[in-house]
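For reference, protein18.cif is printed below; it contains mmCIF, C-alpha atoms.
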data_input
loop_
_atom_site.label_atom_id
_atom_site.label_comp_id
_atom_site.auth_asym_id
_atom_site.auth_seq_id
_atom_site.Cartn_x
_atom_site.Cartn_y
_atom_site.Cartn_z
CA MET A 1 14.10 -10.61 15.54
CA GLU A 2 10.76 -12.23 16.35
CA ARG A 3 7.84 -11.69 14.03
CA MET A 4 4.96 -9.99 15.83
CA TYR A 5 1.29 -10.95 16.03
CA LEU A 6 -1.80 -8.83 16.67
CA GLU A 7 -1.57 -9.63 20.41
CA ASP A 8 1.93 -8.13 20.54
CA PHE A 9 0.74 -4.64 19.55
CA ALA A 10 -0.93 -1.95 21.65
CA ALA A 11 -1.93 1.66 21.06
CA GLY A 12 0.87 4.00 22.05
CA GLN A 13 3.76 1.69 21.09
CA VAL A 14 6.51 3.54 19.25
CA PHE A 15 9.04 2.05 16.81
CA ARG A 16 12.05 4.01 15.61
CA SER A 17 13.91 3.31 12.37
CA PRO A 18 17.55 3.66 11.40
CA THR A 19 18.55 6.79 9.43
CA TYR A 20 18.88 7.33 5.67
CA ALA A 21 21.00 10.02 4.01
CA VAL A 22 19.39 11.39 0.85
CA THR A 23 21.88 12.38 -1.86
CA GLU A 24 21.32 14.70 -4.80
CA ALA A 25 22.28 11.82 -7.12
CA GLU A 26 19.51 9.62 -5.72
CA ILE A 27 16.94 12.44 -5.97
CA LEU A 28 17.79 12.92 -9.65
CA ASP A 29 17.88 9.18 -10.33
CA TYR A 30 14.40 8.65 -8.85
CA ALA A 31 12.99 11.70 -10.62
CA LYS A 32 14.26 10.66 -14.04
CA ARG A 33 12.38 7.42 -13.77
CA TYR A 34 9.23 8.26 -11.82
CA ASP A 35 8.69 12.01 -11.45
CA PRO A 36 10.48 13.98 -14.21
CA GLN A 37 9.55 17.55 -13.24
CA PRO A 38 12.05 20.48 -13.06
CA PHE A 39 11.93 20.83 -9.24
CA HIS A 40 13.01 17.16 -8.86
CA LEU A 41 15.35 16.97 -11.88
CA ASP A 42 17.49 20.08 -12.11
CA ALA A 43 18.93 22.16 -9.23
CA GLU A 44 19.19 25.31 -11.36
CA ALA A 45 15.72 25.10 -12.92
CA ALA A 46 14.24 24.24 -9.50
CA LYS A 47 15.10 27.69 -8.13
CA SER A 48 12.29 29.39 -10.02
CA THR A 49 9.65 26.81 -9.02
CA LEU A 50 7.33 26.61 -6.02
CA PHE A 51 10.01 24.55 -4.22
CA GLY A 52 12.70 27.25 -4.56
CA GLY A 53 15.36 24.58 -5.10
CA LEU A 54 15.85 20.90 -5.73
CA ALA A 55 13.52 18.66 -3.70
CA ALA A 56 12.88 14.92 -3.65
CA SER A 57 9.66 13.62 -5.17
CA GLY A 58 7.13 12.94 -2.44
CA TRP A 59 6.85 9.38 -3.73
CA HIS A 60 10.60 9.03 -3.37
CA THR A 61 10.29 10.07 0.27
CA ALA A 62 7.53 7.47 0.59
CA GLY A 63 9.84 4.78 -0.82
CA ILE A 64 12.68 5.75 1.54
CA THR A 65 10.19 5.71 4.43
CA MET A 66 9.09 2.20 3.49
CA ARG A 67 12.72 1.07 3.44
CA LEU A 68 13.28 2.54 6.89
CA ILE A 69 10.16 0.86 8.29
CA VAL A 70 11.21 -2.51 6.84
CA ASP A 71 14.64 -2.03 8.47
CA SER A 72 13.13 -1.12 11.87
CA ASP A 73 11.95 -3.32 14.74
CA PHE A 74 8.35 -3.07 13.55
CA ARG A 75 7.90 -6.63 12.26
CA PRO A 76 4.32 -7.87 11.77
CA ALA A 77 4.32 -11.61 11.06
CA TRP A 78 3.01 -11.35 7.49
CA GLY A 79 5.34 -8.43 6.69
CA VAL A 80 4.57 -4.74 6.45
CA ILE A 81 1.47 -4.92 4.24
CA GLY A 82 -0.74 -1.86 4.09
CA GLY A 83 -3.70 -2.14 1.74
CA ARG A 84 -4.55 1.51 2.27
CA MET A 85 -3.37 4.80 3.72
CA GLU A 86 -5.85 7.04 5.51
CA LYS A 87 -3.69 9.97 4.48
CA VAL A 88 -0.33 10.97 3.09
CA GLU A 89 1.04 14.46 3.80
CA TRP A 90 4.31 16.10 2.82
CA PRO A 91 4.52 19.19 5.06
CA ARG A 92 7.95 20.29 3.80
CA PRO A 93 10.43 19.32 1.06
CA VAL A 94 13.25 16.78 1.37
CA ARG A 95 16.50 18.39 0.21
CA PRO A 96 19.82 16.90 -0.93
CA GLY A 97 21.86 16.04 2.16
CA ASP A 98 18.85 15.53 4.43
CA VAL A 99 19.07 12.58 6.82
CA LEU A 100 15.71 10.93 7.40
CA THR A 101 14.35 8.70 10.15
CA VAL A 102 10.87 7.31 10.78
CA VAL A 103 8.91 7.22 14.04
CA SER A 104 5.95 4.84 13.87
CA GLU A 105 3.27 5.01 16.57
CA VAL A 106 0.50 2.44 16.89
CA LEU A 107 -2.77 4.40 17.04
CA GLU A 108 -5.20 1.51 17.28
CA VAL A 109 -5.33 -2.30 17.21
CA VAL A 110 -8.49 -3.52 15.48
CA PRO A 111 -9.39 -7.26 15.49
CA SER A 112 -11.22 -8.27 12.30
CA ARG A 113 -14.95 -8.92 12.69
CA SER A 114 -15.16 -11.23 9.68
CA LYS A 115 -11.77 -12.98 9.83
CA PRO A 116 -11.02 -14.47 13.27
CA THR A 117 -7.37 -15.17 12.46
CA GLN A 118 -6.34 -11.58 11.72
CA GLY A 119 -6.71 -7.91 12.50
CA MET A 120 -5.53 -4.48 11.49
CA LEU A 121 -3.19 -1.87 12.93
CA ARG A 122 -3.69 1.85 12.39
CA VAL A 123 -0.17 3.28 12.57
CA GLN A 124 1.05 6.84 12.17
CA CYS A 125 4.48 6.89 10.50
CA THR A 126 6.18 10.27 10.68
CA THR A 127 9.32 10.79 8.62
CA LEU A 128 11.62 13.39 10.19
CA ASN A 129 14.63 15.23 8.78
CA GLN A 130 17.88 15.85 10.71
CA LYS A 131 16.29 18.93 12.37
CA GLY A 132 13.42 16.81 13.71
CA GLU A 133 10.97 18.43 11.29
CA PRO A 134 8.28 16.21 9.74
CA VAL A 135 8.70 15.77 5.97
CA GLN A 136 6.02 13.09 5.59
CA VAL A 137 3.14 11.75 7.66
CA ILE A 138 1.22 8.63 6.61
CA VAL A 139 -1.39 6.52 8.39
CA PRO A 140 -1.31 3.02 6.91
CA ASN A 141 -3.75 0.29 7.86
CA ILE A 142 -1.59 -2.80 8.26
CA VAL A 143 -2.89 -6.37 8.12
CA VAL A 144 -1.56 -8.54 10.99
CA PRO A 145 -2.35 -12.17 11.87
CA ARG A 146 -3.41 -13.26 15.34
CA ARG A 147 -1.01 -15.53 17.17
CA PRO A 148 -1.71 -19.17 16.18
CA ALA A 149 -3.41 -21.12 18.99
CA MET B 1 1.13 21.50 -24.65
CA GLU B 2 -0.26 24.54 -22.81
CA ARG B 3 0.15 24.79 -19.06
CA MET B 4 -3.23 24.97 -17.34
CA TYR B 5 -4.53 27.41 -14.74
CA LEU B 6 -7.25 27.04 -12.13
CA GLU B 7 -9.80 28.54 -14.54
CA ASP B 8 -9.07 25.76 -17.06
CA PHE B 9 -10.25 23.00 -14.72
CA ALA B 10 -13.79 21.87 -13.89
CA ALA B 11 -15.29 19.02 -11.90
CA GLY B 12 -15.90 16.02 -14.14
CA GLN B 13 -12.93 16.57 -16.46
CA VAL B 14 -11.09 13.34 -17.20
CA PHE B 15 -7.44 12.98 -18.24
CA ARG B 16 -6.04 9.68 -19.54
CA SER B 17 -2.37 8.72 -19.40
CA PRO B 18 -0.21 6.63 -21.72
CA THR B 19 0.47 3.00 -20.68
CA TYR B 20 3.39 1.49 -18.75
CA ALA B 21 4.46 -2.16 -18.90
CA VAL B 22 5.71 -3.44 -15.53
CA THR B 23 8.50 -6.00 -15.80
CA GLU B 24 9.65 -8.49 -13.18
CA ALA B 25 13.13 -6.95 -13.37
CA GLU B 26 11.77 -3.51 -12.45
CA ILE B 27 9.69 -4.93 -9.58
CA LEU B 28 12.80 -6.60 -8.13
CA ASP B 29 14.97 -3.53 -8.72
CA TYR B 30 12.56 -1.23 -6.87
CA ALA B 31 12.07 -3.72 -4.04
CA LYS B 32 15.79 -4.19 -3.42
CA ARG B 33 16.16 -0.48 -2.83
CA TYR B 34 12.91 0.59 -1.18
CA ASP B 35 10.79 -2.37 -0.06
CA PRO B 36 12.90 -5.49 0.49
CA GLN B 37 10.23 -7.99 1.55
CA PRO B 38 9.88 -11.55 0.17
CA PHE B 39 6.62 -10.91 -1.74
CA HIS B 40 8.32 -8.09 -3.71
CA LEU B 41 11.82 -9.63 -3.98
CA ASP B 42 11.58 -13.31 -4.81
CA ALA B 43 8.99 -15.03 -7.04
CA GLU B 44 9.47 -18.39 -5.33
CA ALA B 45 9.34 -17.12 -1.74
CA ALA B 46 6.35 -14.90 -2.64
CA LYS B 47 4.16 -17.98 -3.27
CA SER B 48 3.75 -18.70 0.44
CA THR B 49 2.92 -15.08 1.39
CA LEU B 50 -0.37 -13.19 1.54
CA PHE B 51 0.19 -12.10 -2.08
CA GLY B 52 0.45 -15.69 -3.41
CA GLY B 53 3.16 -14.64 -5.86
CA LEU B 54 5.46 -11.78 -6.79
CA ALA B 55 3.79 -8.35 -6.58
CA ALA B 56 5.07 -4.80 -7.00
CA SER B 57 5.49 -2.66 -3.89
CA GLY B 58 2.52 -0.32 -3.54
CA TRP B 59 4.96 2.59 -3.45
CA HIS B 60 6.40 1.36 -6.73
CA THR B 61 2.92 1.46 -8.24
CA ALA B 62 2.60 4.98 -6.83
CA GLY B 63 5.85 6.01 -8.55
CA ILE B 64 4.74 4.53 -11.89
CA THR B 65 1.40 6.30 -11.49
CA MET B 66 3.19 9.61 -10.94
CA ARG B 67 5.24 9.05 -14.09
CA LEU B 68 2.08 8.33 -16.07
CA ILE B 69 0.36 11.48 -14.76
CA VAL B 70 3.41 13.63 -15.62
CA ASP B 71 3.35 12.14 -19.13
CA SER B 72 -0.39 12.79 -19.57
CA ASP B 73 -2.26 15.91 -20.75
CA PHE B 74 -2.94 16.95 -17.14
CA ARG B 75 -0.57 19.93 -16.92
CA PRO B 76 -1.15 22.42 -14.10
CA ALA B 77 1.02 25.52 -14.61
CA TRP B 78 3.22 24.97 -11.52
CA GLY B 79 3.57 21.25 -12.26
CA VAL B 80 1.88 18.30 -10.62
CA ILE B 81 2.42 19.24 -6.97
CA GLY B 82 0.31 17.50 -4.36
CA GLY B 83 1.04 18.42 -0.76
CA ARG B 84 -1.29 15.74 0.49
CA MET B 85 -3.35 12.72 -0.47
CA GLU B 86 -6.77 12.24 1.07
CA LYS B 87 -6.30 8.53 0.60
CA VAL B 88 -4.21 5.88 -1.08
CA GLU B 89 -5.68 2.43 -1.71
CA TRP B 90 -4.22 -0.62 -3.41
CA PRO B 91 -7.24 -2.86 -4.07
CA ARG B 92 -5.26 -5.58 -5.87
CA PRO B 93 -1.61 -6.45 -6.56
CA VAL B 94 0.41 -5.37 -9.60
CA ARG B 95 2.03 -8.44 -11.19
CA PRO B 96 4.98 -8.84 -13.57
CA GLY B 97 3.73 -8.21 -17.11
CA ASP B 98 0.86 -5.93 -16.08
CA VAL B 99 0.29 -2.90 -18.27
CA LEU B 100 -0.89 0.11 -16.29
CA THR B 101 -2.71 3.30 -17.24
CA VAL B 102 -4.09 6.14 -15.13
CA VAL B 103 -7.49 7.83 -15.38
CA SER B 104 -7.57 11.14 -13.50
CA GLU B 105 -10.93 12.78 -12.79
CA VAL B 106 -11.26 16.29 -11.36
CA LEU B 107 -13.60 16.01 -8.35
CA GLU B 108 -13.57 19.62 -7.23
CA VAL B 109 -11.95 22.99 -8.02
CA VAL B 110 -11.36 24.98 -4.83
CA PRO B 111 -10.15 28.63 -5.00
CA SER B 112 -7.95 29.53 -2.03
CA ARG B 113 -9.58 31.77 0.59
CA SER B 114 -6.26 33.17 1.84
CA LYS B 115 -4.20 33.27 -1.38
CA PRO B 116 -6.02 35.08 -4.21
CA THR B 117 -3.52 33.92 -6.87
CA GLN B 118 -4.01 30.19 -6.42
CA GLY B 119 -6.37 27.35 -5.68
CA MET B 120 -6.50 23.60 -5.25
CA LEU B 121 -7.80 20.67 -7.26
CA ARG B 122 -9.17 17.52 -5.69
CA VAL B 123 -8.44 14.80 -8.25
CA GLN B 124 -9.12 11.07 -8.14
CA CYS B 125 -6.37 9.19 -9.97
CA THR B 126 -7.24 5.54 -10.63
CA THR B 127 -4.50 3.25 -11.88
CA LEU B 128 -5.89 0.39 -13.96
CA ASN B 129 -4.28 -2.84 -15.16
CA GLN B 130 -4.72 -4.30 -18.66
CA LYS B 131 -8.02 -5.92 -17.58
CA GLY B 132 -9.40 -2.53 -16.52
CA GLU B 133 -9.19 -3.47 -12.83
CA PRO B 134 -8.13 -0.75 -10.36
CA VAL B 135 -4.76 -1.47 -8.73
CA GLN B 136 -4.44 1.92 -7.01
CA VAL B 137 -6.74 4.83 -6.16
CA ILE B 138 -5.37 8.11 -4.81
CA VAL B 139 -7.00 11.50 -4.19
CA PRO B 140 -4.28 14.16 -4.30
CA ASN B 141 -4.90 17.82 -3.51
CA ILE B 142 -2.99 19.69 -6.22
CA VAL B 143 -1.90 23.33 -5.95
CA VAL B 144 -2.70 25.33 -9.11
CA PRO B 145 -2.20 29.06 -9.85
CA ARG B 146 -4.98 31.28 -11.16
CA ARG B 147 -4.45 32.67 -14.64
CA PRO B 148 -2.42 35.88 -14.41
CA ALA B 149 -4.56 39.00 -15.07
#

Can you dump the structure from the file as structure tokens?
Amino acid sequence: MERMYLEDFAAGQVFRSPTYAVTEAEILDYAKRYDPQPFHLDAEAAKSTLFGGLAASGWHTAGITMRLIVDSDFRPAWGVIGGRMEKVEWPRPVRPGDVLTVVSEVLEVVPSRSKPTQGMLRVQCTTLNQKGEPVQVIVPNIVVPRRPA
Amino acid sequence: MERMYLEDFAAGQVFRSPTYAVTEAEILDYAKRYDPQPFHLDAEAAKSTLFGGLAASGWHTAGITMRLIVDSDFRPAWGVIGGRMEKVEWPRPVRPGDVLTVVSEVLEVVPSRSKPTQGMLRVQCTTLNQKGEPVQVIVPNIVVPRRPA
């Protein structure tokens, strides 16, 4: 797979990732370490929370999304490096057994004004469950080099 | 520790977390699973990347930040539930050996117009390293119930 430079990207391009099956064991494992709250830790206790049942931590979904993007055909030459996100939204919970995939659409290609050898991509990465429902939407700004002369 | 309701929060309140020491082993462990790129996976290979050395995945920093917030005195009654982030920024890398802490400042308390029993907090959570330098800034919108009558 060729690494891609700023000149290889254009608004409207779409990259699709492989899929990722989310198990209850992985939800619990992540939660124990990084987000130990009842709705991420305990299927029984989760029933009486706002989530109405066990759900993955949003940051866990973000990690899985990153993995899927890295494993996709979206391959900026310096790697997938986003110094900032314009937004992160989790419109619905990720449940045990969900199968996730990521659709990344290039929104804008922005050459740097101050650094002639690089630019920035605004990309919308939508993580979908097996029903095609969005579970996460992020808009990273990704640093990409220009093609060497 | 008492759970807190919308009425317990006010703009300007600051909550400080415990600290968290980030090891190289944990950086590699997270990266293998969720962000397998050279600058997060391999100290030697990382030298020739944009990071100039091994750095934690930004999503790893986000997970550690969540853990620190959950372990702090910031305790909304329904838990720390943020359906969206207005932004996520990683102004500098997290390195092996860094010791992180989170300072969370309430920016705004917003009663819901449509749901009289709840409201939303806009909070800026700044993750600092041992030098006091910000390594991550997020602004979650957190759902909080009003105090029952």

Between CA of Gly53 (chain A) and CA of Ser114 (chain B) lies a distance of 24.3 Å

| When the cut-off is 8 Å and we count all atoms listed in the file, which residues of chain B are near chain A, given as a list in words? | Arg33, Tyr34, Asp35, Pro36, Gln37, Thr49, Leu50, Trp59, His60, Ala62, Gly63, Ile64, Met66, Arg67, Val70, Trp78, Gly79, Gly83, Arg84, Met85, Glu86, Lys87, Val88, Glu89, Trp90 and Pro91 of chain B

| Looking at A:Gly119, A:Gly52, A:Gly132, A:Gly12, which one is nearest to Arg146 (chain A), with distances taken over all atoms listed in the file? |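 Smallest separation from Arg146 (chain A) among the options: A:Gly119.
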
**OP:** Given the file shown, determine the residues that the PyMOL selection byres ((chain A and resi 54) around 8) selects; report them as number ranges by chain.
**Re:** A: 39-44, 46-47, 51-53, 55-56, 95-96

Practice problem: Identify all residues satisfying the PyMOL selection byres ((chain A and resi 9) around 12) in the given file; provide them as a PyMOL selection string. | Solution: chain A and resi 3-8+10-15+74-77+105-111+119-123+142+144-147

Q: Measuring atom to atom with all atoms listed in the file, identify which of A:Arg16, A:Ala149, A:Leu100, A:Val135 is nearest to Ser72 (chain A).
A: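 Selected residue with least distance to Ser72 (chain A): A:Arg16.
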
Using all atoms listed in the file, determine which residues lie at most 6 Å from Val102 (chain A), disregarding the query and same-chain residues fewer than 6 positions distant; provide the list as a short mmCIF file (atom, residue, chain, number, x, y, z; two decimals) with C-alpha atoms, in the coordinates of the input.
data_model
loop_
_atom_site.label_atom_id
_atom_site.label_comp_id
_atom_site.auth_asym_id
_atom_site.auth_seq_id
_atom_site.Cartn_x
_atom_site.Cartn_y
_atom_site.Cartn_z
CA ARG A 16 12.05 4.01 15.61
CA SER A 17 13.91 3.31 12.37
CA THR A 126 6.18 10.27 10.68
CA THR A 127 9.32 10.79 8.62
#

Emit as lines of an AutoDock Vina configuration file the padded axis-aligned box for all listed atoms of region 33-40 of chain B, 4 Å per side, with centre and edge lengths in Å to one decimal.
center_x = 11.4
center_y = -5.5
center_z = -1.1
size_x = 17.5
size_y = 20.1
size_z = 13.3

- Message: Taking only C-alpha atoms into account, name the residue in B:Val103, B:Glu24, B:Thr117, B:Ser48 that is nearest to Glu133 (chain B).
- Response: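 Of all the options, B:Val103 lies closest to Glu133 (chain B).
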
For the atom pair CA of Pro148 (chain A) and CA of Gln118 (chain A), what is the interatomic distance in Å to one decimal place?
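These two atoms are separated by 9.9 Å.
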
Atom pair CA of Ala21 (chain A) + CA of Gln130 (chain A), distance 9.4 Å
